[in-house]
Amino acid sequence: MGSLPEGRHFFHGDDGYEVARRATVWNQRVPDRYPDVIVQAVDADDVVATIRYAKAHDKKVSIKSGGHSWAASHLRDGAVLLDMSRLDQTSVDAEKMVAVAGPGKGGSVLAGELDALGLFFPAGHCKGVRIGGYLLQGGYGWNSRVYGPACESVIGLDVVTADGEQLYIDADNHPDLYWAARGAGPGFFAVVTAFHLKLYPKPPVLGSSFYAYPIECADDIYTWARQISADVDRRVELQIVASSSVPNAGIDQPAIVLASPVFADTEAEAKEAFGILDRCPVVDKALIAMPYVPMALPDWYTAVMSNYLEDHRYTADNMWTSASADDLLPGIRRIIETMPPHPSHFLWLNWGPSPQRQDMAYSLEDPIYLALYAGWRDAADDEKYGDWPRSNMAAMAPLASGIQLADENLGARPARFVSDENMAKLDRVRADYDPDGRFHSWMGRV
């Protein structure tokens with residue numbers, strides 16, 4: 001019948017269940033969805049036992065590695081929830097430039113360990129994000145405009161299937177399942193126990209630029225940002241963040257911040273790559289203008305996390321778009337006019353045009369990425385602020401090609417996240433590897 005790991009599982013109603021359930025969500029907004037049992041796995045054997053238990057009791061399985069899903073898509077009523085955060089083992093072969101890491105490995109932790117070895121991997125931008133969900137959904141991380149979404153650097157995976165079978169999958173072994181693992185996100189139909197990762201040399205120079213503008217410059221900034229979308233050096237991540245204040249920069253007014261990392265071989269190259277930012281048409285109105293400063297990756301993580309505070313409640317939504325600035329501006333104005341207080345913010349990212357991607361489930365992106373993050377402290381404000389991302393993205397949906405799974409809100413707003421062709425293939429591969437629907441899929445789709 002399958003037995004669960006002794007001392008590391010909690011049935012609904014057990015002492016410790018609610019603590020374990022809430023611990024699977026990184027922020028303070030924990031949905032009222034209750035798995036039947038939560039299993040805190042520590043190795044692949046625990047995973048196999050849990051899958052066999054679920055099969056014997058005809059239960060669906062959901063999976064969590066870091067709990068950074070904004071929608072907490074792993075929390076499903078009646079499910080067997082596998083908490084994979086304790087599978088954080090790592091081995092690095094510096095000579096072969098490969099690493100093997102468990103899904104519970106923190107991306108920022110991995111980045112630090114590799115940095116000490118002179119190596120690099122495009123880990124996620126936020127502290128606390130484990131690589132499991134991050135890599136399955138695609139993985140936009142540090143220097144991903146150069147190295148591609150991090151899933152392109154996943155060269156193999158150790159998985160447990162719906163039958164409780166342990167497999168190694170890559171381009172030559174179960175290639176369809178490997179194809180699905182790179183982009184299916186929370187709809188992947190196996191449990192990853194380890195990722196095999198391609199590594200890169202550590203970029204010699206990491207720098208930053210920082211420009212802050214009054215919100216009144218919005219039309220000029222976004223029009224200009226759209227115009228230069230094809231011209232931004234791929235080593236530069238042009239992230240434009242609008243918020244009601246910027247406390248870590250001492251700005252107590254609505255502002256638009258252009259905070260851009262650059263990865264380069266020399267400081268001269270970094271400064272040259274940033275040159276385009278100093279040609280913003282309203283640069284003379286900047287509240288702060290720092291064309292270039294050297295910056296270490298830990299400092300970048302600290303800066304990013306100023307927008308994601310653990311004592312807050314969060315929702316998010318997003319869109320990919322190739323629309324013109326003229327078409328986007330009405331929606332952007334509404335976003336700015338209705339923006340909740342900090343740390344809520346609106347992200348505009350100049351992402352493309354992108355090169356040809358590998359053949360994998362991940363298949364949808366556009367030159368511009370827009371994302372909304374609402375953050376507030378008091379549960380009494382859920383109704384006031386909680387729908388800000390969804391409602392604004394829904395209003396702009398006619399201009400979108402789809403969404404990125406990193407910031408999905410599929411339970412509240414179903415949307416495309418892979419190409420139609422790839423969705424059809426995902427359904428076929430799922431039917432082969434999970435014919436009984438053992439694994440929970442996405443909370444919504446179109």
# chains A, B, ... in the order shown; residues from 1 in each chain; ligands from 1
>>> select_by_dssp(residues="stretch 114-346 of chain A", states="strand (DSSP E)", output="VMD selection string")
chain A and resid 119 to 120 154 to 160 166 to 169 191 to 198 200 to 201 205 to 214 239 to 243 255 to 264 288 to 294 313 to 321 345 to 346
>>> residues_around(residues="stretch 360-371 of chain A", least_positions_apart="3", cutoff="7 Å", atoms="only C-alpha atoms", output="compact mmCIF listing (two decimals) with N, CA and C atoms, in the first residue's frame")
# COMPACT_ATOMS: atom_id res chain seq x y z
N GLY A 138 11.16 27.73 -16.48
CA GLY A 138 11.95 28.45 -17.47
C GLY A 138 13.21 29.01 -16.85
N TRP A 179 12.13 17.02 -22.55
CA TRP A 179 11.56 18.17 -23.26
C TRP A 179 10.52 18.87 -22.39
N ALA A 180 9.65 18.09 -21.75
CA ALA A 180 8.57 18.66 -20.94
C ALA A 180 9.10 19.33 -19.67
N ARG A 182 11.58 21.13 -19.18
CA ARG A 182 12.13 22.46 -19.38
C ARG A 182 11.04 23.39 -19.92
N GLY A 183 10.15 23.80 -18.99
CA GLY A 183 9.12 24.75 -19.36
C GLY A 183 7.72 24.42 -18.89
N ALA A 184 7.49 23.20 -18.39
CA ALA A 184 6.15 22.83 -17.95
C ALA A 184 5.80 23.45 -16.60
N SER A 229 14.28 48.69 -27.52
CA SER A 229 14.22 47.29 -27.06
C SER A 229 15.18 46.39 -27.82
N ASP A 317 0.93 39.11 -11.33
CA ASP A 317 0.45 38.72 -12.65
C ASP A 317 1.38 39.35 -13.67
N ASN A 318 1.28 38.93 -14.94
CA ASN A 318 2.28 39.36 -15.90
C ASN A 318 1.81 39.17 -17.33
N MET A 319 2.62 39.65 -18.26
CA MET A 319 2.35 39.44 -19.68
C MET A 319 3.61 39.63 -20.51
N TRP A 320 3.69 38.87 -21.60
CA TRP A 320 4.65 39.12 -22.67
C TRP A 320 3.94 39.96 -23.73
N THR A 321 4.66 40.90 -24.34
CA THR A 321 4.03 41.71 -25.37
C THR A 321 5.04 42.19 -26.41
N SER A 322 4.53 42.38 -27.61
CA SER A 322 5.31 43.04 -28.67
C SER A 322 4.59 44.30 -29.13
N PHE A 346 5.58 47.85 -10.37
CA PHE A 346 5.36 47.48 -11.77
C PHE A 346 6.72 47.33 -12.43
N LEU A 347 6.97 46.14 -12.98
CA LEU A 347 8.24 45.84 -13.65
C LEU A 347 8.05 45.84 -15.16
N TRP A 348 8.90 46.60 -15.84
CA TRP A 348 9.04 46.54 -17.31
C TRP A 348 10.44 46.01 -17.58
N LEU A 349 10.54 44.95 -18.37
CA LEU A 349 11.82 44.36 -18.68
C LEU A 349 12.02 44.32 -20.18
N ASN A 350 13.11 44.94 -20.66
CA ASN A 350 13.50 44.79 -22.07
C ASN A 350 14.19 43.44 -22.23
N TRP A 351 13.49 42.46 -22.79
CA TRP A 351 13.98 41.09 -22.83
C TRP A 351 14.56 40.70 -24.18
N GLY A 352 13.91 41.09 -25.26
CA GLY A 352 14.31 40.59 -26.56
C GLY A 352 14.67 41.71 -27.53
N PRO A 353 14.76 41.35 -28.81
CA PRO A 353 14.41 40.08 -29.42
C PRO A 353 15.36 38.95 -29.03
N PHE A 417 0.94 30.08 -21.84
CA PHE A 417 2.30 30.20 -21.32
C PHE A 417 3.29 29.38 -22.12
N VAL A 418 2.82 28.60 -23.07
CA VAL A 418 3.66 27.96 -24.08
C VAL A 418 2.93 28.09 -25.40
N SER A 419 3.61 27.77 -26.49
CA SER A 419 2.95 27.84 -27.79
C SER A 419 1.84 26.80 -27.86
N ASN A 422 3.21 23.41 -28.55
CA ASN A 422 3.86 22.77 -27.41
C ASN A 422 2.86 22.34 -26.35
>>> closest_atom_pairs(of="stretch 126-237 of chain A", to="stretch 260-264 of chain A", cutoff="12 Å", atoms="only C-alpha atoms", output="JSON lines")
{"residue": "A:Gly141", "atom": "CA", "partner": "A:Pro261", "partner_atom": "CA", "distance": 11.2}
{"residue": "A:Trp142", "atom": "CA", "partner": "A:Pro261", "partner_atom": "CA", "distance": 8.3}
{"residue": "A:Asn143", "atom": "CA", "partner": "A:Phe263", "partner_atom": "CA", "distance": 6.8}
{"residue": "A:Ser144", "atom": "CA", "partner": "A:Phe263", "partner_atom": "CA", "distance": 10.4}
{"residue": "A:Arg145", "atom": "CA", "partner": "A:Phe263", "partner_atom": "CA", "distance": 10.4}
{"residue": "A:Val146", "atom": "CA", "partner": "A:Phe263", "partner_atom": "CA", "distance": 9.2}
{"residue": "A:Tyr147", "atom": "CA", "partner": "A:Phe263", "partner_atom": "CA", "distance": 11.2}
{"residue": "A:Pro201", "atom": "CA", "partner": "A:Phe263", "partner_atom": "CA", "distance": 11.5}
{"residue": "A:Lys202", "atom": "CA", "partner": "A:Phe263", "partner_atom": "CA", "distance": 9.3}
{"residue": "A:Pro203", "atom": "CA", "partner": "A:Phe263", "partner_atom": "CA", "distance": 6.0}
{"residue": "A:Pro204", "atom": "CA", "partner": "A:Ala264", "partner_atom": "CA", "distance": 6.4}
{"residue": "A:Val205", "atom": "CA", "partner": "A:Ala264", "partner_atom": "CA", "distance": 5.1}
{"residue": "A:Leu206", "atom": "CA", "partner": "A:Phe263", "partner_atom": "CA", "distance": 4.8}
{"residue": "A:Gly207", "atom": "CA", "partner": "A:Val262", "partner_atom": "CA", "distance": 5.3}
{"residue": "A:Ser208", "atom": "CA", "partner": "A:Pro261", "partner_atom": "CA", "distance": 4.6}
{"residue": "A:Ser209", "atom": "CA", "partner": "A:Ser260", "partner_atom": "CA", "distance": 5.4}
{"residue": "A:Phe210", "atom": "CA", "partner": "A:Ser260", "partner_atom": "CA", "distance": 6.7}
{"residue": "A:Tyr211", "atom": "CA", "partner": "A:Ser260", "partner_atom": "CA", "distance": 9.0}
{"residue": "A:Ala212", "atom": "CA", "partner": "A:Ser260", "partner_atom": "CA", "distance": 11.6}
{"residue": "A:Val232", "atom": "CA", "partner": "A:Val262", "partner_atom": "CA", "distance": 11.0}
{"residue": "A:Asp233", "atom": "CA", "partner": "A:Val262", "partner_atom": "CA", "distance": 9.0}
{"residue": "A:Arg234", "atom": "CA", "partner": "A:Val262", "partner_atom": "CA", "distance": 8.8}
{"residue": "A:Arg235", "atom": "CA", "partner": "A:Val262", "partner_atom": "CA", "distance": 5.4}
{"residue": "A:Val236", "atom": "CA", "partner": "A:Val262", "partner_atom": "CA", "distance": 4.5}
{"residue": "A:Glu237", "atom": "CA", "partner": "A:Ser260", "partner_atom": "CA", "distance": 5.3}
>>> residues_around(residues="A:Gly13", least_positions_apart="2", cutoff="12 Å", atoms="only C-alpha atoms", output="JSON, numbers by chain")
{"A": [9, 10, 11, 15, 16, 17, 18, 19, 20, 21, 34, 35, 36, 37, 38]}
>>> atom_distance(atom1="atom CA of A:Ile256", atom2="atom CA of A:Ala395")
21.8 Å
>>> closest_residue(among="A:Ile335, A:Ala374, A:Met393, A:Leu114", to="A:Arg29", atoms="only C-alpha atoms")
A:Ala374
>>> residues_around(residues="A:Asn248", least_positions_apart="5", cutoff="12 Å", atoms="only C-alpha atoms", output="PDB file with C-alpha atoms, in the first residue's frame")
ATOM      1  CA  ALA A 212      15.535  57.235 -10.650  1.00  0.00           C
ATOM      2  CA  VAL A 257      13.838  53.313 -11.252  1.00  0.00           C
ATOM      3  CA  THR A 302      19.914  42.618  -1.128  1.00  0.00           C
ATOM      4  CA  ALA A 303      18.709  45.345  -3.488  1.00  0.00           C
ATOM      5  CA  VAL A 304      16.192  43.065  -5.197  1.00  0.00           C
ATOM      6  CA  MET A 305      14.737  41.830  -1.909  1.00  0.00           C
ATOM      7  CA  SER A 306      13.853  45.379  -0.865  1.00  0.00           C
ATOM      8  CA  ASN A 307      10.790  44.865  -3.081  1.00  0.00           C
ATOM      9  CA  HIS A 342       5.499  50.133  -1.559  1.00  0.00           C
ATOM     10  CA  PRO A 343       6.579  47.333  -1.876  1.00  0.00           C
TER      11      PRO A 343
END
>>> residues_around(residues="A:Leu4", least_positions_apart="5", cutoff="9 Å", atoms="only C-alpha atoms", output="ChimeraX atom specification")
/A:9,39,46,49-50,53
>>> atom_distance(atom1="atom CA of A:Ser153", atom2="atom CA of A:Leu119")
13.7 Å
>>> closest_residue(among="A:Val283, A:Val92, A:Leu399, A:Ala190", to="A:Asp115", atoms="only C-alpha atoms")
A:Val92
>>> closest_residue(among="A:Gln239, A:Gln166, A:Gln137, A:Gln40", to="A:Arg8", atoms="only C-alpha atoms")
A:Gln40
>>> closest_residue(among="A:Val25, A:Val109, A:Met97, A:Val282", to="A:Leu75", atoms="only C-alpha atoms")
A:Val25
>>> closest_residue(among="A:Asp381, A:Asp77, A:Asp14, A:Glu95", to="A:Tyr200", atoms="only C-alpha atoms")
A:Glu95
>>> atom_distance(atom1="atom CA of A:Leu135", atom2="atom CA of A:Ala181")
8.5 Å
